[in-house]
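File shown: data_23.cif. Contents: mmCIF, C-alpha atoms.
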```cif
data_data
loop_
_atom_site.label_atom_id
_atom_site.label_comp_id
_atom_site.auth_asym_id
_atom_site.auth_seq_id
_atom_site.Cartn_x
_atom_site.Cartn_y
_atom_site.Cartn_z
CA MET A 1 89.95 70.13 139.07
CA SER A 2 90.71 73.26 137.06
CA GLU A 3 94.16 74.79 136.72
CA SER A 4 93.21 77.88 138.72
CA SER A 5 91.61 75.88 141.51
CA ALA A 6 94.66 73.61 141.71
CA GLU A 7 96.91 76.65 142.15
CA ALA A 8 94.53 78.00 144.77
CA VAL A 9 94.58 74.75 146.72
CA VAL A 10 98.37 74.65 146.75
CA ALA A 11 98.66 78.31 147.70
CA ALA A 12 96.10 77.98 150.46
CA THR A 13 97.76 74.86 151.79
CA ALA A 14 101.11 76.62 151.83
CA ASN A 15 99.62 79.55 153.75
CA VAL A 16 98.09 77.22 156.30
CA ALA A 17 101.41 75.43 156.63
CA GLY A 18 103.21 78.69 157.27
CA ALA A 19 100.68 79.85 159.84
CA ALA A 20 100.12 76.60 161.69
CA GLY A 21 103.32 74.72 160.96
CA ALA A 22 101.69 72.01 158.85
CA ALA A 23 104.62 69.65 158.82
CA ASN A 24 102.78 67.03 156.90
CA TRP A 25 104.12 68.55 153.70
CA ARG A 26 106.98 66.27 154.69
CA ARG A 27 104.56 63.45 153.99
CA ALA A 28 104.19 64.84 150.51
CA GLY A 29 107.42 63.15 149.53
CA ILE A 30 105.59 59.88 149.12
CA ALA A 31 108.12 57.14 148.63
CA GLY A 32 110.09 57.38 145.45
CA ALA A 33 109.03 60.59 143.82
CA ALA A 34 107.97 63.28 146.30
CA ILE A 35 104.69 63.94 144.62
CA GLY A 36 102.06 62.92 147.17
CA VAL A 37 101.14 66.58 147.47
CA LEU A 38 99.93 66.55 143.87
CA ALA A 39 96.67 65.12 145.18
CA ALA A 40 96.13 67.91 147.72
CA GLY A 41 93.12 69.29 145.90
CA ALA A 42 91.50 65.93 145.25
CA ALA A 43 91.96 64.87 148.88
CA ALA A 44 91.01 68.15 150.57
CA GLY A 45 87.55 67.02 151.60
CA VAL A 46 88.82 63.74 152.97
CA ALA A 47 91.58 65.52 154.86
CA VAL A 48 89.15 67.92 156.55
CA GLU A 49 86.94 65.05 157.60
CA ARG A 50 89.90 63.19 159.09
CA LEU A 51 90.87 66.28 161.04
CA THR A 52 87.43 66.75 162.59
CA VAL A 53 86.14 63.23 163.19
CA GLY A 54 87.61 60.89 165.78
CA ARG A 55 91.07 62.44 165.92
CA GLY A 56 91.68 61.28 169.50
CA MET A 57 90.70 57.73 168.65
CA ARG A 58 93.01 57.68 165.62
CA LYS A 59 95.86 59.06 167.72
CA LYS A 60 95.41 56.26 170.26
CA ALA A 61 95.33 53.71 167.44
CA ARG A 62 98.57 55.08 165.98
CA LEU A 63 100.28 54.91 169.36
CA ALA A 64 99.11 51.33 169.82
CA LEU A 65 100.38 50.34 166.38
CA ASP A 66 103.71 52.06 167.05
CA ALA A 67 104.07 50.18 170.34
CA THR A 68 103.17 46.72 169.07
CA GLY A 69 104.28 46.71 165.43
CA PRO A 70 107.50 44.73 164.91
CA TYR A 71 108.34 46.35 161.61
CA GLY A 72 111.70 48.05 161.31
CA SER A 73 113.12 46.24 164.32
CA LEU A 74 115.75 44.16 162.50
CA ARG A 75 119.37 45.24 162.97
CA GLY A 76 122.72 44.06 161.65
CA THR A 77 126.38 44.82 162.08
CA PRO A 78 126.70 48.60 161.65
CA GLY A 79 129.22 50.37 159.46
CA ARG A 80 129.83 53.73 157.79
CA ALA A 81 131.04 54.57 154.32
CA VAL A 82 132.34 58.00 153.35
CA ALA A 83 130.98 59.62 150.18
CA ASP A 84 133.12 61.73 147.88
CA ASP A 85 131.94 64.93 149.58
CA GLY A 86 132.68 63.57 153.06
CA THR A 87 129.10 62.58 153.92
CA GLU A 88 128.96 59.54 156.21
CA LEU A 89 126.60 56.88 154.91
CA TYR A 90 125.22 54.39 157.42
CA TYR A 91 124.83 50.72 156.51
CA GLU A 92 124.22 47.40 158.22
CA ILE A 93 125.40 43.94 157.22
CA ASP A 94 123.52 40.69 157.74
CA GLU A 95 126.05 37.90 157.42
CA VAL A 96 125.40 34.39 156.15
CA GLU A 97 124.78 31.84 158.85
CA ALA A 98 127.71 29.45 159.05
CA ALA A 99 126.90 25.98 157.77
CA PRO A 100 127.29 23.31 160.46
CA THR A 101 130.42 21.20 160.06
CA THR A 102 131.96 18.26 161.87
CA GLY A 103 135.19 18.65 163.77
CA ASP A 104 137.13 16.74 161.12
CA GLU A 105 135.80 18.88 158.27
CA GLY A 106 136.70 22.07 160.13
CA ALA A 107 140.22 20.86 160.83
CA SER A 108 140.68 19.69 157.26
CA GLY A 109 139.56 23.04 155.88
CA SER A 110 141.87 24.88 158.24
CA ARG A 111 144.78 22.63 157.34
CA ARG A 112 144.29 23.19 153.61
CA ARG A 113 144.38 26.94 154.09
CA ARG A 114 147.64 26.67 156.01
CA LEU A 115 149.29 24.38 153.50
CA PHE A 116 148.31 26.13 150.30
CA GLY A 117 147.66 29.68 151.52
CA ARG A 118 144.25 29.64 149.87
CA LYS A 119 141.75 32.26 150.82
CA ALA A 120 138.06 31.40 150.89
CA PRO A 121 136.25 33.27 148.10
CA ALA A 122 134.29 36.31 149.18
CA PRO A 123 130.58 35.53 149.48
CA VAL A 124 127.98 37.10 147.24
CA THR A 125 126.60 40.28 148.80
CA VAL A 126 123.09 41.58 148.07
CA VAL A 127 123.01 45.38 148.40
CA PHE A 128 119.56 46.87 149.04
CA SER A 129 118.96 50.54 148.11
CA HIS A 130 115.76 52.14 149.40
CA GLY A 131 113.48 54.76 147.92
CA TYR A 132 112.95 58.45 148.56
CA CYS A 133 111.61 59.46 151.99
CA LEU A 134 112.11 55.90 153.21
CA GLY A 135 115.09 54.10 154.76
CA GLN A 136 116.73 50.71 154.94
CA ASP A 137 113.88 49.45 157.16
CA SER A 138 111.53 49.61 154.16
CA TRP A 139 113.05 46.22 153.24
CA HIS A 140 111.86 44.73 156.55
CA PHE A 141 109.97 41.76 155.14
CA GLN A 142 112.64 40.82 152.62
CA ARG A 143 115.28 41.17 155.31
CA ALA A 144 113.35 38.89 157.64
CA ALA A 145 112.95 36.27 154.91
CA LEU A 146 116.53 36.33 153.57
CA ARG A 147 118.26 36.76 156.92
CA GLY A 148 121.06 34.23 157.26
CA LEU A 149 120.53 32.93 153.73
CA VAL A 150 122.69 35.48 151.94
CA ARG A 151 125.14 38.15 152.95
CA ALA A 152 123.19 41.40 152.65
CA VAL A 153 123.90 45.11 153.01
CA TYR A 154 121.13 47.58 153.84
CA TRP A 155 122.03 51.25 153.73
CA ASP A 156 120.41 54.62 154.27
CA GLN A 157 120.78 57.07 151.41
CA ARG A 158 122.27 60.46 152.26
CA SER A 159 120.03 62.65 154.40
CA HIS A 160 117.79 59.63 155.09
CA GLY A 161 117.61 57.30 158.08
CA ARG A 162 120.84 57.12 160.08
CA SER A 163 123.04 58.54 157.34
CA GLU A 164 124.46 62.02 157.69
CA ARG A 165 122.81 64.99 156.05
CA GLY A 166 124.53 65.54 152.71
CA ARG A 167 127.50 67.83 153.33
CA ALA A 168 127.52 69.16 149.78
CA GLN A 169 123.85 70.05 150.17
CA ALA A 170 124.64 71.96 153.37
CA ASP A 171 126.91 74.08 151.17
CA GLY A 172 124.12 74.69 148.67
CA VAL A 173 125.01 72.02 146.09
CA PRO A 174 121.83 70.43 144.67
CA VAL A 175 121.53 66.70 145.16
CA GLY A 176 121.35 64.65 141.97
CA ILE A 177 120.90 61.01 141.05
CA ASP A 178 124.54 60.88 139.90
CA GLN A 179 125.60 61.77 143.44
CA LEU A 180 123.52 58.89 144.77
CA GLY A 181 125.26 56.54 142.34
CA ARG A 182 128.62 57.62 143.73
CA ASP A 183 127.27 57.11 147.24
CA LEU A 184 126.32 53.53 146.37
CA LYS A 185 129.83 52.96 145.03
CA ALA A 186 131.24 54.16 148.37
CA VAL A 187 128.97 51.75 150.26
CA ILE A 188 130.01 48.82 148.06
CA ASP A 189 133.70 49.71 148.50
CA ALA A 190 133.27 49.76 152.28
CA ALA A 191 130.84 46.92 152.90
CA ALA A 192 131.53 44.55 149.97
CA PRO A 193 135.00 45.36 148.60
CA GLU A 194 135.42 41.87 147.12
CA GLY A 195 133.31 39.21 145.51
CA PRO A 196 130.14 39.24 143.41
CA VAL A 197 127.34 41.68 144.17
CA VAL A 198 123.60 41.58 143.57
CA LEU A 199 121.94 45.00 143.39
CA ALA A 200 118.33 45.49 144.53
CA GLY A 201 116.68 48.89 144.49
CA HIS A 202 113.23 50.33 145.01
CA SER A 203 112.16 53.57 143.31
CA MET A 204 114.95 56.10 143.97
CA GLY A 205 117.12 53.12 144.92
CA GLY A 206 116.70 51.70 141.42
CA MET A 207 117.62 55.08 139.95
CA THR A 208 120.70 55.07 142.18
CA MET A 209 121.70 51.72 140.67
CA MET A 210 121.27 53.12 137.16
CA ALA A 211 123.54 56.04 138.08
CA LEU A 212 126.10 53.54 139.39
CA ALA A 213 126.00 51.66 136.07
CA ASP A 214 126.32 54.92 134.16
CA GLN A 215 129.42 56.05 136.06
CA TYR A 216 131.08 52.72 136.86
CA PRO A 217 130.36 50.32 133.97
CA GLU A 218 133.42 48.25 134.85
CA LEU A 219 131.96 47.50 138.28
CA ILE A 220 128.77 46.21 136.69
CA ARG A 221 130.74 44.17 134.17
CA ASP A 222 133.21 42.66 136.63
CA ARG A 223 131.26 42.16 139.83
CA VAL A 224 127.49 42.44 139.50
CA ALA A 225 125.82 39.01 139.39
CA ALA A 226 122.16 40.10 139.19
CA VAL A 227 119.92 43.15 139.39
CA ALA A 228 116.43 43.79 140.83
CA LEU A 229 114.62 46.99 139.83
CA ILE A 230 111.45 47.44 141.88
CA GLY A 231 108.88 50.19 141.33
CA THR A 232 111.39 52.43 139.62
CA SER A 233 111.90 54.49 136.47
CA SER A 234 114.70 55.29 134.03
CA GLY A 235 113.28 58.75 133.29
CA LYS A 236 110.34 60.88 132.09
CA LEU A 237 108.94 61.24 135.60
CA GLY A 238 107.85 64.73 134.61
CA GLU A 239 105.16 63.14 132.43
CA VAL A 240 103.50 61.15 135.23
CA ASN A 241 100.00 62.43 136.08
CA PHE A 242 99.63 60.61 139.43
CA GLY A 243 96.00 59.80 138.72
CA LEU A 244 95.01 63.47 138.48
CA PRO A 245 93.53 65.58 135.67
CA VAL A 246 96.21 66.93 133.36
CA ALA A 247 95.37 70.59 134.01
CA GLY A 248 95.59 70.10 137.76
CA VAL A 249 98.88 68.25 137.51
CA ASN A 250 100.41 70.98 135.38
CA ALA A 251 99.28 73.67 137.81
CA VAL A 252 100.61 71.90 140.86
CA ARG A 253 103.89 71.08 139.13
CA ARG A 254 104.39 74.74 138.38
CA VAL A 255 104.10 75.88 141.99
CA LEU A 256 105.18 72.78 143.93
CA PRO A 257 108.96 73.38 143.82
CA GLY A 258 108.48 76.87 145.22
CA VAL A 259 106.11 75.64 147.93
CA LEU A 260 108.51 72.90 149.00
CA LYS A 261 111.43 75.32 148.99
CA ALA A 262 109.50 77.79 151.13
CA LEU A 263 108.49 75.09 153.58
CA GLY A 264 112.05 73.77 153.65
CA SER A 265 113.32 77.21 154.62
CA GLN A 266 110.97 77.12 157.62
CA ALA A 267 111.82 73.54 158.58
CA GLU A 268 111.82 74.13 162.33
CA LEU A 269 108.36 75.69 162.29
CA VAL A 270 107.03 72.98 160.00
CA GLU A 271 108.46 70.19 162.15
CA LYS A 272 106.92 71.66 165.30
CA GLY A 273 103.49 71.52 163.73
CA ARG A 274 103.69 67.92 162.58
CA ARG A 275 101.80 66.35 165.46
CA ALA A 276 99.06 68.97 165.32
CA THR A 277 98.23 67.97 161.76
CA ALA A 278 99.09 64.27 161.93
CA ASP A 279 95.92 63.22 160.10
CA LEU A 280 96.15 65.67 157.23
CA PHE A 281 97.94 63.43 154.75
CA ALA A 282 97.36 59.98 156.26
CA GLY A 283 94.76 59.08 153.64
CA LEU A 284 96.94 60.53 150.93
CA ILE A 285 99.90 58.41 151.97
CA LYS A 286 97.78 55.28 151.86
CA ARG A 287 96.46 56.15 148.41
CA TYR A 288 99.89 56.77 146.93
CA SER A 289 101.66 53.94 148.76
CA PHE A 290 99.26 51.02 148.33
CA GLY A 291 96.97 49.64 145.65
CA SER A 292 94.68 47.39 147.68
CA LYS A 293 92.04 48.48 150.18
CA ASP A 294 92.76 45.88 152.86
CA VAL A 295 96.34 46.77 153.79
CA ASP A 296 97.31 45.69 157.31
CA PRO A 297 96.87 48.83 159.49
CA ALA A 298 100.20 48.12 161.17
CA VAL A 299 101.94 48.07 157.78
CA ALA A 300 100.18 51.27 156.70
CA ARG A 301 101.26 52.95 159.92
CA PHE A 302 104.81 51.68 159.41
CA ALA A 303 104.86 53.35 155.99
CA GLU A 304 103.66 56.60 157.57
CA ARG A 305 106.45 56.46 160.14
CA LEU A 306 109.07 55.92 157.46
CA ILE A 307 107.84 58.83 155.38
CA GLU A 308 107.28 61.25 158.24
CA ALA A 309 110.84 60.64 159.46
CA THR A 310 112.17 62.54 156.44
CA PRO A 311 112.51 66.27 157.25
CA ILE A 312 110.72 68.74 155.00
CA ASP A 313 113.96 70.38 153.92
CA VAL A 314 115.22 67.02 152.68
CA VAL A 315 111.95 66.52 150.80
CA ALA A 316 112.45 69.88 149.11
CA GLU A 317 116.14 69.24 148.50
CA PHE A 318 115.63 66.02 146.56
CA TYR A 319 112.52 66.96 144.60
CA PRO A 320 114.21 68.54 141.53
CA ALA A 321 116.42 65.47 141.01
CA PHE A 322 113.51 63.33 139.88
CA THR A 323 112.29 65.54 137.05
CA GLU A 324 115.90 65.73 135.80
CA HIS A 325 116.49 61.98 136.10
CA ASP A 326 117.20 60.19 132.80
CA LYS A 327 119.29 57.02 132.89
CA SER A 328 117.77 55.05 130.04
CA GLY A 329 121.18 55.10 128.39
CA ALA A 330 122.69 53.24 131.35
CA LEU A 331 120.26 50.30 131.23
CA PRO A 332 122.15 48.29 128.56
CA GLY A 333 124.90 47.85 131.15
CA PHE A 334 122.62 45.32 132.85
CA ARG A 335 122.01 43.19 129.76
CA ASP A 336 124.58 40.50 130.57
CA VAL A 337 123.20 39.60 134.02
CA PRO A 338 119.87 38.21 135.25
CA VAL A 339 117.46 41.08 135.87
CA LEU A 340 114.17 41.24 137.76
CA ILE A 341 111.86 44.17 136.96
CA LEU A 342 108.87 44.35 139.30
CA ALA A 343 106.10 46.90 139.78
CA GLY A 344 102.60 47.24 141.18
CA ASP A 345 99.82 47.57 138.63
CA LYS A 346 98.28 50.45 140.63
CA ASP A 347 101.48 52.38 141.28
CA LEU A 348 100.62 56.06 140.81
CA VAL A 349 104.13 57.35 141.58
CA THR A 350 106.24 55.30 139.19
CA PRO A 351 103.58 53.60 137.03
CA SER A 352 104.14 50.07 135.78
CA SER A 353 104.51 51.50 132.27
CA HIS A 354 107.91 52.77 133.39
CA SER A 355 108.92 49.24 134.34
CA GLU A 356 107.68 48.04 130.97
CA ALA A 357 109.85 50.69 129.29
CA ILE A 358 112.86 49.35 131.19
CA ALA A 359 111.96 45.82 130.08
CA ASP A 360 111.89 47.00 126.46
CA VAL A 361 115.58 47.87 126.82
CA LEU A 362 116.30 44.65 128.73
CA PRO A 363 114.25 42.06 126.81
CA ASP A 364 115.80 39.10 128.65
CA ALA A 365 114.74 40.44 132.03
CA GLU A 366 111.89 38.94 134.03
CA LEU A 367 109.04 41.48 134.16
CA VAL A 368 106.56 41.01 137.00
CA ILE A 369 103.50 43.26 137.36
CA VAL A 370 101.86 42.61 140.74
CA PRO A 371 98.04 42.92 140.85
CA ASP A 372 96.46 45.19 143.46
CA ALA A 373 99.81 46.70 144.37
CA GLY A 374 100.90 50.30 144.70
CA HIS A 375 104.25 52.00 145.04
CA LEU A 376 105.32 50.30 148.28
CA VAL A 377 104.86 46.85 146.78
CA MET A 378 107.56 45.28 148.98
CA LEU A 379 105.47 46.18 152.06
CA GLU A 380 102.05 45.54 150.52
CA HIS A 381 102.82 42.14 148.95
CA PRO A 382 106.05 41.09 150.69
CA GLU A 383 105.88 37.38 149.91
CA THR A 384 105.55 38.05 146.18
CA VAL A 385 108.54 40.37 146.17
CA THR A 386 110.62 38.05 148.34
CA ASP A 387 109.80 35.00 146.21
CA ARG A 388 110.83 36.81 143.02
CA LEU A 389 114.04 38.01 144.68
CA ALA A 390 114.78 34.49 145.88
CA ASP A 391 114.19 33.16 142.37
CA LEU A 392 116.57 35.81 141.00
CA LEU A 393 119.24 34.70 143.47
CA VAL A 394 118.81 31.11 142.35
CA ARG A 395 118.96 32.02 138.65
CA SER A 396 122.14 34.01 139.22
CA GLY A 397 123.76 31.13 141.10
CA THR A 398 123.91 33.18 144.27
CA VAL A 399 122.09 30.63 146.44
CA PRO A 400 121.20 26.98 145.79
CA ALA A 401 117.53 26.35 145.12
CA ALA A 402 117.33 23.93 148.02
CA ASN A 403 117.99 26.74 150.50
CA VAL A 404 115.21 29.05 149.38
CA GLY A 405 112.14 27.08 150.43
CA GLY A 406 112.31 27.84 154.14
CA HIS A 407 112.76 31.55 153.52
CA GLY A 408 109.90 32.21 151.13
CA SER A 409 107.32 33.57 153.60
CA THR A 410 107.42 36.37 156.13
CA ALA A 411 103.98 35.66 157.50
CA GLN A 412 104.93 33.72 160.64
CA GLN A 413 107.35 36.02 162.47
CA PRO A 414 107.72 39.34 160.66
CA GLY A 415 109.76 40.82 163.49
CA ARG A 416 112.52 38.22 163.55
#
```
Take the structure I supplied and represent it as structure tokens, if you would.
Amino acid sequence: MSESSAEAVVAATANVAGAAGAANWRRAGIAGAAIGVLAAGAAAGVAVERLTVGRGMRKKARLALDATGPYGSLRGTPGRAVADDGTELYYEIDEVEAAPTTGDEGASGSRRRRLFGRKAPAPVTVVFSHGYCLGQDSWHFQRAALRGLVRAVYWDQRSHGRSERGRAQADGVPVGIDQLGRDLKAVIDAAAPEGPVVLAGHSMGGMTMMALADQYPELIRDRVAAVALIGTSSGKLGEVNFGLPVAGVNAVRRVLPGVLKALGSQAELVEKGRRATADLFAGLIKRYSFGSKDVDPAVARFAERLIEATPIDVVAEFYPAFTEHDKSGALPGFRDVPVLILAGDKDLVTPSSHSEAIADVLPDAELVIVPDAGHLVMLEHPETVTDRLADLLVRSGTVPAANVGGHGSTAQQPGR
């Protein structure tokens, strides 16, 4: 695709969006980097075909998948943290299941606490940070597998999920990765004020963790027991070509911020048109979310629902933060704890080479490249991700190895 034709595709798509309310530019913020729209030209023919062939049948299939799919149904104890600009951040806590005890053991433990005034140590808390245009439910499979095994916090980043729209952004302040790091600190202060913490982040969530380490190195040093960086990057996202010809990528990059900004300014119109163009980017989402061809249709639809739940103005608001992101200097803060670095070998959004670059800075980390996996590796190959997370928890001393076996698979009851 030539540079001029790429610009023409973007311009034409923007005009169509303005005229018909093509809200699926919201889908362009494909999880973790907001660049699904970069493939607009390459996917144009496929998109037209999807719009004209069997639309009614696909709509019925989507409704059926929405009605029967169990994904995203897990809930915990709700709470809210307050960010430094007043934004309320929604989180949920899954507590550890209490170990069964005999009556004598319970009485003895209670008596010791009364006699010596000892307080039980705070449990380890695993804090899960999701990616861009997703939400805490993107960890569904890992949550199902680890539920009751460890104390876990799942939160929605500002302007995502059930969290409040960023108040600073409502006043015109651009959102940045540093702000997200401060948000994570607020969530930890509210949901896990004491005890060791394990940090797990996907894509933007991993960048959020890097920003936390950059701004609060003492927290990492004193409290963080382990770190999992999944499908993420420490910088140079502006050099990613997303599987497209270089000339086309450069052309789209030049006009994309303006297109997103324009669409964001017409958010109400764009949102009204979403259902009318529901098929436009479905194939694009699948291409940029998954690496294998045989993804469960219910999982693929779940990913669509997560992405389409992010308003177009939020997509536009966050986009500049990724090209500016550079936290390679913060990575050494993780050197003294067990680290898991995991990526899909077919990730077009944050390529596995970015995970390898992180591993170069953290040579003692475990680097796992998952075959036939794209950007949403935790949904595409959930057992692999869960098993590596469980192994990380064992290596960090967070959970005993004997407890992990029964929680290693999500295949039986994914909705539990």
Nearby residues (all atoms listed in the file) at most 8 Å from region 329-332 of chain A, same-chain spacing under 4 positions excluded, as an NGL selection string: :A and (210-211 or 213-214 or 234 or 358 or 361-362)
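For the point (126.2, 57.4, 139.6), the residues with at least one atom inside 10 Å, counting all atoms listed in the file, are A:Gly176, A:Ile177, A:Asp178, A:Gln179, A:Leu180, A:Gly181, A:Arg182, A:Asp183, A:Leu184, A:Lys185, A:Met207, A:Thr208, A:Met209, A:Met210, A:Ala211, A:Leu212, A:Ala213, A:Asp214, A:Gln215, A:Tyr216, A:Pro217, A:Lys327, A:Ala330.
Ranking A:Leu219, A:Cys133, A:Ala145, A:Ala83 by their shortest atom-to-atom distance to Gly333 (chain A), with only C-alpha atoms included, puts A:Leu219 first.
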Answer key for the PyMOL selection byres ((chain A and resi 389-391) around 8), residues as a PyMOL selection string: chain A and resi 228+340+385-388+392-395+404+408
Residues matched by the PyMOL selection byres ((chain A and resi 72-76) around 6), written as a list in words: Pro70, Tyr71, Thr77, Glu92, Ile93, Asp94, Asp137 and His140 of chain A
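For the pair CA of Val82 (chain A) and CA of Asp326 (chain A), the separation is 25.6 Å.
Applied to the file shown here, the PyMOL selection byres ((chain A and resi 130) around 8) selects the residues Phe128, Ser129, Gly131, Tyr132, Leu134, Gly135, Gln136, Ser138, Trp139, Trp155, Asp156, Gln157, Gly201, His202, Ser203, Met204 and Gly205 of chain A.
If you measure from each of A:Asp360, A:Glu383, A:Glu239, A:Asp189 to Arg223 (chain A) using only C-alpha atoms, the closest one turns out to be A:Asp189.
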Local residues around (122.9, 44.2, 138.6), at most 8 Å away, using all atoms listed in the file, as a ChimeraX atom specification: /A:197-200,209,220,224-228,334,337-339
Residue with smallest distance to Val377 (chain A) - pool A:Asn403, A:Ser355, A:Ser292, A:Ser233, counting all atoms listed in the file: A:Ser292
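For Asp345 (chain A), the list of residues within 12 Å, based on all atoms listed in the file and with local chain neighbours fewer than 5 positions off taken out, reads Gly231, Phe290, Gly291, Ser292, Thr350, Pro351, Ser352, Ser353, His354, Ser355, Glu356, Leu367, Val368, Ile369, Val370, Pro371, Asp372, Ala373, Gly374, His375, Leu376 and Val377 of chain A.
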Near-Pro196 (chain A) list (9 Å; only C-alpha atoms; drop same-chain fewer than 5 positions) as a PyMOL selection string: chain A and resi 122-126+222-225+398
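Here CA of Ala81 (chain A) is placed at a distance of 18.6 Å from CA of Ala170 (chain A).
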Let me have the centre and edge lengths of the axis-aligned box enclosing all listed atoms of region 74-80 of chain A with 3 Å padding on every side, in Å to one decimal, as AutoDock Vina command-line options.
```
--center_x 122.8 --center_y 48.9 --center_z 160.4 --size_x 20.1 --size_y 15.7 --size_z 11.2
```
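Of the residues under consideration (A:Val299, A:Ala316, A:Ile341, A:Ala186), A:Ile341 shows the shortest atom-to-atom contact distance to Ala357 (chain A) when counting all atoms listed in the file.
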Straight-line distance linking CA of His325 (chain A) with CA of Thr384 (chain A), stated in Å to one decimal: 28.2 Å
Could region 329-342 of chain A be completed with N, CA, C and O atoms and written as a compact mmCIF listing (two decimals), keeping the file's coordinate frame, please?
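Final file, result_22.txt:
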```txt
# COMPACT_ATOMS: atom_id res chain seq x y z
N GLY A 329 119.96 55.48 129.09
CA GLY A 329 121.18 55.10 128.39
C GLY A 329 122.09 54.19 129.18
O GLY A 329 122.98 53.54 128.62
N ALA A 330 121.86 54.10 130.50
CA ALA A 330 122.69 53.24 131.35
C ALA A 330 122.14 51.82 131.43
O ALA A 330 122.87 50.90 131.83
N LEU A 331 120.90 51.61 131.07
CA LEU A 331 120.26 50.30 131.23
C LEU A 331 120.97 49.17 130.48
O LEU A 331 121.04 48.04 131.00
N PRO A 332 121.48 49.39 129.25
CA PRO A 332 122.15 48.29 128.56
C PRO A 332 123.31 47.68 129.35
O PRO A 332 123.69 46.54 129.08
N GLY A 333 123.83 48.41 130.32
CA GLY A 333 124.90 47.85 131.15
C GLY A 333 124.46 46.65 131.96
O GLY A 333 125.30 45.89 132.46
N PHE A 334 123.14 46.45 132.10
CA PHE A 334 122.62 45.32 132.85
C PHE A 334 122.24 44.13 131.96
O PHE A 334 121.72 43.13 132.46
N ARG A 335 122.50 44.22 130.68
CA ARG A 335 122.01 43.19 129.76
C ARG A 335 122.66 41.82 129.96
O ARG A 335 122.06 40.80 129.61
N ASP A 336 123.85 41.77 130.48
CA ASP A 336 124.58 40.50 130.57
C ASP A 336 124.36 39.77 131.88
O ASP A 336 125.04 38.77 132.14
N VAL A 337 123.45 40.27 132.74
CA VAL A 337 123.20 39.60 134.02
C VAL A 337 121.70 39.37 134.16
O VAL A 337 120.88 40.04 133.52
N PRO A 338 121.30 38.40 135.00
CA PRO A 338 119.87 38.21 135.25
C PRO A 338 119.27 39.46 135.88
O PRO A 338 119.85 40.05 136.81
N VAL A 339 118.11 39.86 135.39
CA VAL A 339 117.46 41.08 135.87
C VAL A 339 116.00 40.78 136.21
O VAL A 339 115.29 40.12 135.45
N LEU A 340 115.57 41.27 137.37
CA LEU A 340 114.17 41.24 137.76
C LEU A 340 113.64 42.67 137.71
O LEU A 340 114.24 43.58 138.30
N ILE A 341 112.54 42.88 136.99
CA ILE A 341 111.86 44.17 136.96
C ILE A 341 110.46 43.94 137.52
O ILE A 341 109.70 43.13 136.99
N LEU A 342 110.13 44.62 138.62
CA LEU A 342 108.87 44.35 139.30
C LEU A 342 108.18 45.66 139.65
O LEU A 342 108.83 46.62 140.07
```
